[in-house]
$ cat protein-v1.cif   # mmCIF, C-alpha atoms
data_coords
loop_
_atom_site.label_atom_id
_atom_site.label_comp_id
_atom_site.auth_asym_id
_atom_site.auth_seq_id
_atom_site.Cartn_x
_atom_site.Cartn_y
_atom_site.Cartn_z
CA MET A 16 -54.14 -105.20 -167.57
CA ALA A 17 -56.33 -108.17 -166.56
CA THR A 18 -57.79 -108.08 -163.08
CA GLN A 19 -56.87 -111.07 -160.90
CA LYS A 20 -60.03 -112.93 -159.89
CA ASN A 21 -60.28 -114.53 -156.47
CA THR A 22 -62.11 -117.60 -155.20
CA HIS A 23 -62.59 -119.56 -151.99
CA PHE A 24 -60.19 -122.18 -150.66
CA GLY A 25 -62.06 -123.14 -147.54
CA ALA A 26 -62.40 -119.97 -145.46
CA LYS A 27 -59.50 -118.30 -147.29
CA THR A 28 -59.72 -116.08 -150.35
CA VAL A 29 -57.10 -117.05 -152.92
CA PRO A 30 -56.34 -116.14 -156.55
CA GLU A 31 -58.31 -118.36 -158.95
CA ASP A 32 -55.21 -119.55 -160.76
CA GLU A 33 -53.75 -120.89 -157.50
CA LYS A 34 -56.73 -122.95 -156.30
CA ALA A 35 -56.24 -126.00 -158.52
CA GLY A 36 -52.67 -126.44 -157.31
CA MET A 37 -53.75 -126.09 -153.69
CA VAL A 38 -56.49 -128.70 -154.17
CA ARG A 39 -54.03 -131.02 -155.92
CA ASN A 40 -51.54 -130.70 -153.07
CA LEU A 41 -54.21 -131.33 -150.45
CA PHE A 42 -55.49 -134.50 -152.09
CA SER A 43 -51.97 -135.70 -152.87
CA ASP A 44 -51.30 -135.53 -149.14
CA VAL A 45 -54.45 -137.47 -148.20
CA ALA A 46 -54.69 -139.91 -151.14
CA ASN A 47 -53.88 -143.00 -149.08
CA LYS A 48 -56.40 -141.95 -146.41
CA TYR A 49 -59.14 -140.69 -148.71
CA ASP A 50 -61.64 -143.49 -148.08
CA ILE A 51 -61.17 -143.06 -144.32
CA MET A 52 -61.68 -139.31 -144.82
CA ASN A 53 -65.05 -139.88 -146.49
CA ASP A 54 -66.10 -142.15 -143.64
CA VAL A 55 -65.19 -139.46 -141.11
CA MET A 56 -66.86 -136.65 -143.05
CA SER A 57 -70.15 -138.51 -143.47
CA VAL A 58 -70.05 -140.88 -140.46
CA GLY A 59 -69.92 -143.71 -143.02
CA ILE A 60 -73.14 -142.66 -144.74
CA HIS A 61 -71.39 -141.71 -147.99
CA ARG A 62 -71.55 -145.39 -148.96
CA ILE A 63 -75.35 -145.34 -148.68
CA TRP A 64 -75.50 -142.06 -150.62
CA LYS A 65 -73.47 -143.56 -153.47
CA GLU A 66 -75.82 -146.53 -153.61
CA ALA A 67 -78.75 -144.08 -153.74
CA MET A 68 -76.98 -142.36 -156.62
CA MET A 69 -76.73 -145.67 -158.48
CA ASP A 70 -80.40 -146.44 -157.76
CA TRP A 71 -81.48 -143.17 -159.41
CA LEU A 72 -78.94 -143.52 -162.21
CA ALA A 73 -79.91 -147.14 -163.03
CA PRO A 74 -76.81 -147.99 -165.13
CA ARG A 75 -77.49 -150.00 -168.28
CA PRO A 76 -75.25 -152.53 -170.06
CA GLY A 77 -72.78 -151.03 -172.51
CA GLN A 78 -72.89 -147.47 -171.19
CA LYS A 79 -69.76 -145.29 -171.08
CA LEU A 80 -69.22 -143.41 -167.81
CA LEU A 81 -67.00 -140.43 -167.13
CA ASP A 82 -66.46 -140.12 -163.38
CA VAL A 83 -64.84 -136.74 -162.73
CA ALA A 84 -62.93 -136.18 -159.49
CA GLY A 85 -63.29 -139.96 -159.39
CA GLY A 86 -60.40 -140.43 -156.99
CA THR A 87 -60.05 -144.04 -155.89
CA GLY A 88 -62.81 -145.30 -158.19
CA ASP A 89 -65.69 -145.89 -155.77
CA VAL A 90 -68.42 -144.69 -158.11
CA SER A 91 -66.92 -146.29 -161.21
CA PHE A 92 -66.72 -149.70 -159.54
CA LYS A 93 -70.36 -149.44 -158.44
CA PHE A 94 -71.42 -148.30 -161.90
CA LEU A 95 -69.70 -151.18 -163.72
CA LYS A 96 -71.11 -153.78 -161.36
CA ARG A 97 -74.63 -152.40 -161.72
CA ALA A 98 -74.33 -152.11 -165.52
CA GLY A 99 -73.09 -155.68 -165.91
CA HIS A 100 -70.74 -154.57 -168.67
CA GLY A 101 -69.65 -151.17 -169.86
CA HIS A 102 -66.72 -148.79 -169.59
CA ALA A 103 -65.71 -146.23 -166.96
CA THR A 104 -63.15 -143.45 -167.25
CA VAL A 105 -61.94 -142.16 -163.88
CA LEU A 106 -60.59 -138.62 -164.19
CA ASP A 107 -58.95 -136.79 -161.30
CA LEU A 108 -56.71 -133.75 -160.85
CA THR A 109 -54.49 -135.72 -158.45
CA GLU A 110 -52.42 -138.61 -159.79
CA GLY A 111 -51.93 -140.01 -156.27
CA MET A 112 -55.66 -140.59 -155.94
CA LEU A 113 -55.73 -142.58 -159.18
CA VAL A 114 -52.71 -144.61 -158.04
CA GLU A 115 -54.60 -145.56 -154.87
CA GLY A 116 -57.64 -146.51 -156.94
CA ARG A 117 -55.62 -148.81 -159.16
CA LYS A 118 -54.40 -150.68 -156.07
CA ARG A 119 -57.92 -151.79 -155.14
CA ALA A 120 -59.02 -155.34 -155.81
CA GLU A 121 -61.95 -154.18 -157.94
CA ALA A 122 -59.53 -152.36 -160.23
CA ALA A 123 -57.76 -155.62 -161.09
CA GLN A 124 -61.04 -157.44 -161.71
CA LEU A 125 -62.36 -154.66 -163.95
CA ALA A 126 -59.08 -153.58 -165.57
CA ASP A 127 -60.34 -154.00 -169.15
CA SER A 128 -63.32 -151.77 -168.41
CA LEU A 129 -61.45 -148.91 -166.70
CA ASP A 130 -59.29 -145.97 -167.74
CA TRP A 131 -57.52 -143.73 -165.21
CA ILE A 132 -56.74 -140.21 -166.47
CA VAL A 133 -55.22 -137.15 -164.82
CA GLY A 134 -57.23 -134.13 -165.90
CA ASP A 135 -59.07 -130.93 -165.02
CA ALA A 136 -62.88 -130.82 -164.72
CA MET A 137 -62.88 -127.38 -166.36
CA ALA A 138 -60.97 -128.55 -169.47
CA LEU A 139 -61.81 -132.18 -170.15
CA PRO A 140 -59.47 -133.96 -172.62
CA PHE A 141 -62.32 -135.60 -174.55
CA GLU A 142 -64.27 -135.02 -177.75
CA ASN A 143 -67.80 -133.64 -177.78
CA ASN A 144 -70.65 -136.14 -177.33
CA THR A 145 -68.49 -138.97 -175.94
CA PHE A 146 -70.12 -140.28 -172.75
CA ASP A 147 -73.52 -141.71 -171.82
CA VAL A 148 -73.15 -140.76 -168.16
CA TYR A 149 -71.17 -138.05 -166.32
CA THR A 150 -70.81 -138.28 -162.54
CA ILE A 151 -68.96 -136.19 -159.98
CA SER A 152 -69.15 -137.09 -156.28
CA PHE A 153 -67.93 -134.76 -153.53
CA GLY A 154 -65.66 -133.07 -156.06
CA ILE A 155 -67.40 -130.16 -157.72
CA ARG A 156 -67.08 -127.90 -154.68
CA ASN A 157 -63.29 -128.21 -155.05
CA VAL A 158 -63.42 -126.99 -158.66
CA THR A 159 -62.33 -123.35 -159.09
CA ARG A 160 -65.27 -122.47 -161.36
CA PRO A 161 -68.05 -125.06 -160.98
CA GLN A 162 -70.13 -123.57 -163.81
CA GLU A 163 -67.29 -124.26 -166.25
CA ALA A 164 -67.15 -127.86 -165.04
CA LEU A 165 -70.89 -128.23 -165.67
CA ASN A 166 -70.49 -126.67 -169.13
CA GLU A 167 -67.78 -129.21 -169.89
CA ALA A 168 -70.00 -132.02 -168.58
CA TYR A 169 -72.64 -130.95 -171.10
CA ARG A 170 -70.12 -130.77 -173.94
CA VAL A 171 -68.73 -134.29 -173.50
CA SER A 172 -72.14 -135.90 -172.86
CA ARG A 173 -73.91 -137.58 -175.74
CA PRO A 174 -77.43 -136.51 -176.70
CA GLY A 175 -79.60 -138.46 -174.26
CA GLY A 176 -76.72 -138.48 -171.77
CA ARG A 177 -77.16 -138.13 -168.03
CA LEU A 178 -75.45 -135.86 -165.51
CA MET A 179 -75.42 -136.76 -161.83
CA VAL A 180 -73.74 -134.70 -159.11
CA LEU A 181 -73.45 -135.91 -155.50
CA GLU A 182 -72.26 -133.22 -153.12
CA PHE A 183 -72.50 -132.08 -149.53
CA SER A 184 -75.21 -129.44 -149.29
CA GLN A 185 -77.34 -127.36 -146.92
CA LEU A 186 -80.04 -128.49 -144.50
CA PRO A 187 -83.32 -126.68 -145.17
CA ASN A 188 -84.03 -126.19 -141.46
CA PRO A 189 -81.87 -123.36 -139.97
CA MET A 190 -81.77 -124.89 -136.48
CA MET A 191 -80.70 -128.27 -137.85
CA GLN A 192 -78.09 -126.54 -140.02
CA LYS A 193 -76.71 -124.72 -136.97
CA ALA A 194 -76.46 -128.00 -135.04
CA TYR A 195 -74.76 -129.69 -137.97
CA ASP A 196 -72.31 -126.78 -138.32
CA LEU A 197 -71.40 -127.10 -134.65
CA TYR A 198 -70.70 -130.79 -135.16
CA SER A 199 -68.82 -130.20 -138.40
CA PHE A 200 -66.50 -127.45 -137.27
CA ASN A 201 -65.84 -128.79 -133.78
CA VAL A 202 -65.78 -132.56 -134.21
CA ILE A 203 -64.70 -133.44 -137.75
CA PRO A 204 -61.29 -131.64 -137.76
CA ARG A 205 -60.49 -133.26 -134.40
CA MET A 206 -61.43 -136.66 -135.79
CA GLY A 207 -59.21 -135.94 -138.77
CA GLN A 208 -56.33 -135.20 -136.42
CA ILE A 209 -56.88 -138.41 -134.45
CA ILE A 210 -57.59 -140.78 -137.34
CA ALA A 211 -55.42 -139.39 -140.13
CA ASN A 212 -53.09 -137.01 -138.26
CA ASP A 213 -54.37 -134.28 -140.55
CA ARG A 214 -56.54 -131.55 -139.04
CA ASP A 215 -56.00 -128.93 -141.74
CA SER A 216 -57.38 -130.98 -144.66
CA TYR A 217 -60.55 -131.77 -142.76
CA GLN A 218 -60.92 -128.13 -141.73
CA TYR A 219 -60.67 -127.10 -145.39
CA LEU A 220 -63.28 -129.65 -146.46
CA ILE A 221 -65.79 -128.41 -143.88
CA GLU A 222 -65.20 -124.80 -144.91
CA SER A 223 -65.57 -125.70 -148.59
CA ILE A 224 -69.02 -127.17 -147.92
CA ARG A 225 -70.21 -123.92 -146.37
CA ASN A 226 -69.03 -121.93 -149.41
CA PHE A 227 -70.82 -124.17 -151.91
CA PRO A 228 -74.16 -123.04 -153.42
CA ASP A 229 -77.35 -124.41 -151.87
CA GLN A 230 -79.55 -126.93 -153.69
CA GLU A 231 -81.72 -124.46 -155.62
CA THR A 232 -78.80 -122.27 -156.65
CA PHE A 233 -76.84 -125.26 -157.90
CA LEU A 234 -79.92 -126.54 -159.75
CA GLY A 235 -79.94 -123.23 -161.62
CA MET A 236 -76.30 -123.78 -162.58
CA VAL A 237 -77.11 -127.25 -163.94
CA LYS A 238 -79.85 -125.70 -166.09
CA THR A 239 -77.54 -122.88 -167.22
CA ALA A 240 -75.11 -125.51 -168.54
CA GLY A 241 -77.88 -126.74 -170.83
CA PHE A 242 -79.18 -129.80 -168.99
CA GLU A 243 -82.93 -130.40 -169.07
CA ASN A 244 -85.35 -132.21 -166.75
CA ALA A 245 -82.98 -131.04 -164.01
CA LYS A 246 -83.97 -131.85 -160.44
CA TYR A 247 -82.44 -132.81 -157.11
CA ARG A 248 -83.05 -135.05 -154.15
CA ASN A 249 -81.91 -134.34 -150.61
CA LEU A 250 -80.09 -137.13 -148.81
CA THR A 251 -80.10 -137.41 -145.00
CA MET A 252 -82.20 -134.25 -144.63
CA GLY A 253 -79.97 -132.25 -146.97
CA ILE A 254 -76.54 -133.02 -145.55
CA ALA A 255 -75.91 -134.14 -149.12
CA ALA A 256 -77.86 -133.69 -152.33
CA LEU A 257 -78.08 -135.49 -155.66
CA HIS A 258 -78.58 -133.30 -158.74
CA SER A 259 -79.63 -134.90 -162.02
CA GLY A 260 -79.98 -133.57 -165.56
CA TRP A 261 -80.21 -134.78 -169.14
CA LYS A 262 -78.65 -133.61 -172.42
CA LEU A 263 -81.63 -133.72 -174.74
#

$ encode --input "protein-v1.cif" --output "structure tokens"
Amino acid sequence: MATQKNTHFGAKTVPEDEKAGMVRNLFSDVANKYDIMNDVMSVGIHRIWKEAMMDWLAPRPGQKLLDVAGGTGDVSFKFLKRAGHGHATVLDLTEGMLVEGRKRAEAAQLADSLDWIVGDAMALPFENNTFDVYTISFGIRNVTRPQEALNEAYRVSRPGGRLMVLEFSQLPNPMMQKAYDLYSFNVIPRMGQIIANDRDSYQYLIESIRNFPDQETFLGMVKTAGFENAKYRNLTMGIAALHSGWKL
């Protein structure tokens, strides 16, 4: 008889096979407020972080991007504009997020260069060696088994392909981390209640950050997946981090 494995859903411990559905339900509920949610979570700085991601990525004309947990298309829109021309596939577990993305003005302007696909980061519906670039922004901590998502990222990347992961992380200074935790746990859920009438989703997101591996541990996971020249950069003192790797 197989033993049921458990995982984190925020501060709760839940069976692994239930987490994806719980994440899908959460993001279905907040899909039309997701961009506001990111502004609240990062005090608006997530926009600067995504530009920093594009600066390091340096998209080139004609590249094919897979943006996993791509939600409303933020990263894909930035990628296509930087590349000049290319193609982006936005994949997300939650159809409602993709519906919101399609409503955006950029989506209409770039319709020929965009695909929107419902799918699971741990079982991507693509052939091996398909994409030049794989990105996932503020999504991998919601994946039940992040190592499997990284393994899949490696599989679908072409030789010479690039991985880039943007995620909330840990501050290297314990006192600063403690201060940030106080802000996160006390202020952000209240802001979520006021702005989006949704305290619980924001509470989960804060808890999920605390359960996610720190920068060095996650770097090891990127290397375990097979990516080389793997490294990371802290953003805003480590509130977020960018991890990069190459399939060589």

$ closest_residue --input "protein-v1.cif" --among "A:Ala103, A:Leu129, A:Met236, A:Ala211" --to "Leu165 in chain A" --atoms "all atoms listed in the file"
A:Met236

$ closest_atom_pairs --input "protein-v1.cif" --of "range 194-244 of chain A" --to "range 47-64 of chain A" --cutoff "10 Å" --atoms "all atoms listed in the file" --output "CSV"
residue,atom,partner,partner_atom,distance
A:Ser199,CA,A:Met56,CA,8.2
A:Val202,CA,A:Val55,CA,9.8
A:Ile203,CA,A:Met56,CA,6.6
A:Pro204,CA,A:Met56,CA,9.2
A:Met206,CA,A:Val55,CA,7.1
A:Gly207,CA,A:Val55,CA,7.3
A:Ile210,CA,A:Ile51,CA,8.2
A:Ala211,CA,A:Lys48,CA,6.9
A:Asp213,CA,A:Met52,CA,9.8
A:Ser216,CA,A:Met52,CA,9.4
A:Tyr217,CA,A:Met52,CA,7.9
A:Leu220,CA,A:Met56,CA,8.6
A:Ile221,CA,A:Met56,CA,8.4

$ write_last_selection --input "protein-v1.cif" --atoms "C-alpha atoms" --output "mmCIF file, in the coordinates of the input"
data_model
loop_
_atom_site.group_PDB
_atom_site.id
_atom_site.type_symbol
_atom_site.label_atom_id
_atom_site.label_comp_id
_atom_site.auth_asym_id
_atom_site.auth_seq_id
_atom_site.Cartn_x
_atom_site.Cartn_y
_atom_site.Cartn_z
ATOM 1 C CA SER A 199 -68.820 -130.200 -138.400
ATOM 2 C CA VAL A 202 -65.780 -132.560 -134.210
ATOM 3 C CA ILE A 203 -64.700 -133.440 -137.750
ATOM 4 C CA PRO A 204 -61.290 -131.640 -137.760
ATOM 5 C CA MET A 206 -61.430 -136.660 -135.790
ATOM 6 C CA GLY A 207 -59.210 -135.940 -138.770
ATOM 7 C CA ILE A 210 -57.590 -140.780 -137.340
ATOM 8 C CA ALA A 211 -55.420 -139.390 -140.130
ATOM 9 C CA ASP A 213 -54.370 -134.280 -140.550
ATOM 10 C CA SER A 216 -57.380 -130.980 -144.660
ATOM 11 C CA TYR A 217 -60.550 -131.770 -142.760
ATOM 12 C CA LEU A 220 -63.280 -129.650 -146.460
ATOM 13 C CA ILE A 221 -65.790 -128.410 -143.880
#

$ closest_residue --input "protein-v1.cif" --among "A:His102, A:Thr87, A:Thr145, A:Thr28" --to "Arg119 in chain A" --atoms "all atoms listed in the file"
A:Thr87

$ closest_residue --input "protein-v1.cif" --among "A:Gln218, A:Thr251, A:Gln185, A:Thr159" --to "Thr232 in chain A" --atoms "all atoms listed in the file"
A:Gln185

$ atom_distance --input "protein-v1.cif" --atom1 "CA of Ala256 in chain A" --atom2 "CA of Phe183 in chain A"
6.3 Å

$ residues_around --input "protein-v1.cif" --residues "Ile151 in chain A" --least-positions-apart "2" --cutoff "7 Å" --atoms "only C-alpha atoms" --output "number ranges by chain"
A: 82-85, 149, 153-155, 179-181

$ resolve_selection --input "protein-v1.cif" --expression "the PyMOL selection byres ((chain A and resi 73) around 12)" --output "count of residues only"
21

$ resolve_selection --input "protein-v1.cif" --expression "the PyMOL selection byres ((chain A and resi 171-176) around 7)" --output "ChimeraX atom specification"
/A:141-149,167-170,177-178,261-263

$ closest_residue --input "protein-v1.cif" --among "A:Lys65, A:Arg205, A:Lys20, A:Arg156" --to "Asn226 in chain A" --atoms "all atoms listed in the file"
A:Arg156

$ closest_residue --input "protein-v1.cif" --among "A:Gln124, A:Thr150, A:Asn201, A:Thr239" --to "Gln162 in chain A" --atoms "all atoms listed in the file"
A:Thr239

$ atom_distance --input "protein-v1.cif" --atom1 "CA of Ser128 in chain A" --atom2 "CA of Lys79 in chain A"
9.5 Å

$ axis_aligned_box --input "protein-v1.cif" --around "range 71-74 of chain A" --padding-each-side "8 Å" --output "lines of an AutoDock Vina configuration file"
center_x = -79.1
center_y = -145.6
center_z = -162.3
size_x = 20.7
size_y = 20.8
size_z = 21.7

$ build_atoms --input "protein-v1.cif" --residues "range 236-247 of chain A" --atoms "all heavy atoms" --output "PDB file, keeping the file's coordinate frame"
ATOM      1  N   MET A 236     -77.562-123.644-161.846  1.00  0.00           N
ATOM      2  CA  MET A 236     -76.300-123.780-162.580  1.00  0.00           C
ATOM      3  C   MET A 236     -76.336-124.972-163.527  1.00  0.00           C
ATOM      4  O   MET A 236     -75.819-124.908-164.648  1.00  0.00           O
ATOM      5  CB  MET A 236     -75.146-123.907-161.585  1.00  0.00           C
ATOM      6  CG  MET A 236     -74.928-122.655-160.753  1.00  0.00           C
ATOM      7  SD  MET A 236     -73.777-122.908-159.357  1.00  0.00           S
ATOM      8  CE  MET A 236     -72.232-123.208-160.232  1.00  0.00           C
ATOM      9  N   VAL A 237     -76.957-126.069-163.083  1.00  0.00           N
ATOM     10  CA  VAL A 237     -77.110-127.250-163.940  1.00  0.00           C
ATOM     11  C   VAL A 237     -77.930-126.883-165.181  1.00  0.00           C
ATOM     12  O   VAL A 237     -77.589-127.261-166.315  1.00  0.00           O
ATOM     13  CB  VAL A 237     -77.775-128.404-163.154  1.00  0.00           C
ATOM     14  CG1 VAL A 237     -78.159-129.553-164.079  1.00  0.00           C
ATOM     15  CG2 VAL A 237     -76.843-128.901-162.049  1.00  0.00           C
ATOM     16  N   LYS A 238     -79.001-126.125-164.977  1.00  0.00           N
ATOM     17  CA  LYS A 238     -79.850-125.700-166.090  1.00  0.00           C
ATOM     18  C   LYS A 238     -79.108-124.733-167.014  1.00  0.00           C
ATOM     19  O   LYS A 238     -79.229-124.803-168.241  1.00  0.00           O
ATOM     20  CB  LYS A 238     -81.127-125.055-165.559  1.00  0.00           C
ATOM     21  CG  LYS A 238     -82.058-126.025-164.840  1.00  0.00           C
ATOM     22  CD  LYS A 238     -83.260-125.306-164.242  1.00  0.00           C
ATOM     23  CE  LYS A 238     -84.198-126.270-163.545  1.00  0.00           C
ATOM     24  NZ  LYS A 238     -85.347-125.565-162.888  1.00  0.00           N
ATOM     25  N   THR A 239     -78.317-123.840-166.426  1.00  0.00           N
ATOM     26  CA  THR A 239     -77.540-122.880-167.220  1.00  0.00           C
ATOM     27  C   THR A 239     -76.569-123.601-168.153  1.00  0.00           C
ATOM     28  O   THR A 239     -76.313-123.148-169.279  1.00  0.00           O
ATOM     29  CB  THR A 239     -76.772-121.917-166.289  1.00  0.00           C
ATOM     30  OG1 THR A 239     -77.723-121.147-165.545  1.00  0.00           O
ATOM     31  CG2 THR A 239     -75.859-120.987-167.060  1.00  0.00           C
ATOM     32  N   ALA A 240     -76.032-124.726-167.715  1.00  0.00           N
ATOM     33  CA  ALA A 240     -75.110-125.510-168.540  1.00  0.00           C
ATOM     34  C   ALA A 240     -75.803-126.126-169.747  1.00  0.00           C
ATOM     35  O   ALA A 240     -75.143-126.554-170.700  1.00  0.00           O
ATOM     36  CB  ALA A 240     -74.442-126.587-167.704  1.00  0.00           C
ATOM     37  N   GLY A 241     -77.136-126.193-169.695  1.00  0.00           N
ATOM     38  CA  GLY A 241     -77.880-126.740-170.830  1.00  0.00           C
ATOM     39  C   GLY A 241     -78.668-127.997-170.522  1.00  0.00           C
ATOM     40  O   GLY A 241     -79.440-128.481-171.358  1.00  0.00           O
ATOM     41  N   PHE A 242     -78.493-128.551-169.323  1.00  0.00           N
ATOM     42  CA  PHE A 242     -79.180-129.800-168.990  1.00  0.00           C
ATOM     43  C   PHE A 242     -80.667-129.555-168.748  1.00  0.00           C
ATOM     44  O   PHE A 242     -81.064-128.537-168.169  1.00  0.00           O
ATOM     45  CB  PHE A 242     -78.546-130.441-167.743  1.00  0.00           C
ATOM     46  CG  PHE A 242     -77.168-130.978-167.990  1.00  0.00           C
ATOM     47  CD1 PHE A 242     -76.050-130.240-167.631  1.00  0.00           C
ATOM     48  CD2 PHE A 242     -76.983-132.207-168.606  1.00  0.00           C
ATOM     49  CE1 PHE A 242     -74.765-130.720-167.868  1.00  0.00           C
ATOM     50  CE2 PHE A 242     -75.709-132.698-168.856  1.00  0.00           C
ATOM     51  CZ  PHE A 242     -74.600-131.955-168.487  1.00  0.00           C
ATOM     52  N   GLU A 243     -81.482-130.490-169.205  1.00  0.00           N
ATOM     53  CA  GLU A 243     -82.930-130.400-169.070  1.00  0.00           C
ATOM     54  C   GLU A 243     -83.446-131.455-168.103  1.00  0.00           C
ATOM     55  O   GLU A 243     -82.704-132.347-167.688  1.00  0.00           O
ATOM     56  CB  GLU A 243     -83.583-130.524-170.447  1.00  0.00           C
ATOM     57  CG  GLU A 243     -83.149-129.400-171.399  1.00  0.00           C
ATOM     58  CD  GLU A 243     -83.871-129.437-172.714  1.00  0.00           C
ATOM     59  OE1 GLU A 243     -85.107-129.608-172.719  1.00  0.00           O
ATOM     60  OE2 GLU A 243     -83.199-129.310-173.755  1.00  0.00           O
ATOM     61  N   ASN A 244     -84.749-131.322-167.758  1.00  0.00           N
ATOM     62  CA  ASN A 244     -85.350-132.210-166.750  1.00  0.00           C
ATOM     63  C   ASN A 244     -84.484-132.253-165.494  1.00  0.00           C
ATOM     64  O   ASN A 244     -84.323-133.308-164.872  1.00  0.00           O
ATOM     65  CB  ASN A 244     -85.555-133.634-167.298  1.00  0.00           C
ATOM     66  CG  ASN A 244     -86.591-133.685-168.397  1.00  0.00           C
ATOM     67  OD1 ASN A 244     -87.392-132.767-168.540  1.00  0.00           O
ATOM     68  ND2 ASN A 244     -86.578-134.747-169.181  1.00  0.00           N
ATOM     69  N   ALA A 245     -83.904-131.103-165.157  1.00  0.00           N
ATOM     70  CA  ALA A 245     -82.980-131.040-164.010  1.00  0.00           C
ATOM     71  C   ALA A 245     -83.780-131.021-162.708  1.00  0.00           C
ATOM     72  O   ALA A 245     -84.789-130.324-162.594  1.00  0.00           O
ATOM     73  CB  ALA A 245     -82.100-129.803-164.120  1.00  0.00           C
ATOM     74  N   LYS A 246     -83.311-131.795-161.748  1.00  0.00           N
ATOM     75  CA  LYS A 246     -83.970-131.850-160.440  1.00  0.00           C
ATOM     76  C   LYS A 246     -82.959-132.342-159.418  1.00  0.00           C
ATOM     77  O   LYS A 246     -81.858-132.777-159.775  1.00  0.00           O
ATOM     78  CB  LYS A 246     -85.194-132.754-160.480  1.00  0.00           C
ATOM     79  CG  LYS A 246     -84.930-134.171-160.944  1.00  0.00           C
ATOM     80  CD  LYS A 246     -86.223-134.956-161.176  1.00  0.00           C
ATOM     81  CE  LYS A 246     -86.979-134.446-162.380  1.00  0.00           C
ATOM     82  NZ  LYS A 246     -88.152-135.293-162.732  1.00  0.00           N
ATOM     83  N   TYR A 247     -83.341-132.297-158.149  1.00  0.00           N
ATOM     84  CA  TYR A 247     -82.440-132.810-157.110  1.00  0.00           C
ATOM     85  C   TYR A 247     -83.231-133.535-156.045  1.00  0.00           C
ATOM     86  O   TYR A 247     -84.439-133.352-155.901  1.00  0.00           O
ATOM     87  CB  TYR A 247     -81.598-131.683-156.494  1.00  0.00           C
ATOM     88  CG  TYR A 247     -82.360-130.670-155.660  1.00  0.00           C
ATOM     89  CD1 TYR A 247     -82.614-130.904-154.300  1.00  0.00           C
ATOM     90  CD2 TYR A 247     -82.821-129.490-156.220  1.00  0.00           C
ATOM     91  CE1 TYR A 247     -83.304-129.981-153.535  1.00  0.00           C
ATOM     92  CE2 TYR A 247     -83.514-128.561-155.465  1.00  0.00           C
ATOM     93  CZ  TYR A 247     -83.748-128.802-154.125  1.00  0.00           C
ATOM     94  OH  TYR A 247     -84.444-127.894-153.369  1.00  0.00           O
TER      95      TYR A 247
END
